[in-house]
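Colleague: Questions regarding the structure given below will be posed in turn.
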Amino acid sequence: MTTGRLPDHEQRILDEMERVLRRDRRLDRRLRTHCRHPRLARLAAWAPRPWVVAGWLAVAVGLMVAGIVTGEPGVIWAFAGVWPLSLFAAFRLLCRWTEPPGGPRSHG
């Protein structure tokens, strides 16, 4: 058994197998259900759309401005609840945009 790179034809076969497995939604769902914390796995796999992230950020900024201007505790608490969600959504979107084209585990 060698520890070096696979020959090109074997690498192509392996890449094709990974591509087919990645597209299998039933397999993906079954693997997620066997996860120890399926809700956390689902949250970690969440890929928000850019317009959703823009909306959450706009709401957060609006609440921040309203909280600064009015000083109302309800508005400040609403901002405190929305801000982490919008940051998480922005982070997930940036992660998706910077992911390599072949996926997170692509071979290079």
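How things are named: the first chain in the structure tokens is A, the next is B, and so on; residues count from 1 in each chain; ligands count from 1 in the order shown.
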So that I can see what lies close to region 51-65 of chain A, please list as a list of chain:residue names the residues with an atom at most 12 Å from it, counting only C-alpha atoms and leaving out residues fewer than 4 positions away in the same chain.
Modeller: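 The filter keeps A:Ala47, A:Val69, A:Thr70, A:Gly71, A:Glu72, A:Pro73, A:Gly74, A:Val75, A:Ile76, A:Trp77, A:Ala78, A:Phe79, A:Ala80, A:Gly81, A:Val82, A:Trp83, A:Pro84, A:Leu85, A:Ser86, A:Leu87, A:Phe88, A:Ala89, A:Ala90, A:Phe91, A:Arg92, A:Leu93, A:Leu94.
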Colleague: How far is it from CA of Arg25 (chain A) to CA of Pro48 (chain A), in Å with one decimal?
Modeller: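 So the two atoms, CA of Arg25 (chain A) and CA of Pro48 (chain A), lie 18.4 Å apart.
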Colleague: What's the separation between CA of Glu99 (chain A) and CA of Arg26 (chain A), in Å to one decimal place?
Modeller: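 Distance between the two atoms: 23.2 Å.
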Colleague: Please, what distance in Å, to one decimal, runs between CA of Arg5 (chain A) and CA of Thr98 (chain A)?
Modeller: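 Between CA of Arg5 (chain A) and CA of Thr98 (chain A) the gap works out to 25.5 Å.
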Colleague: A:Arg49, A:Asp24, A:Ala66, A:Ile13: which is nearest Arg96 (chain A), counting only C-alpha atoms?
Modeller: A:Arg49
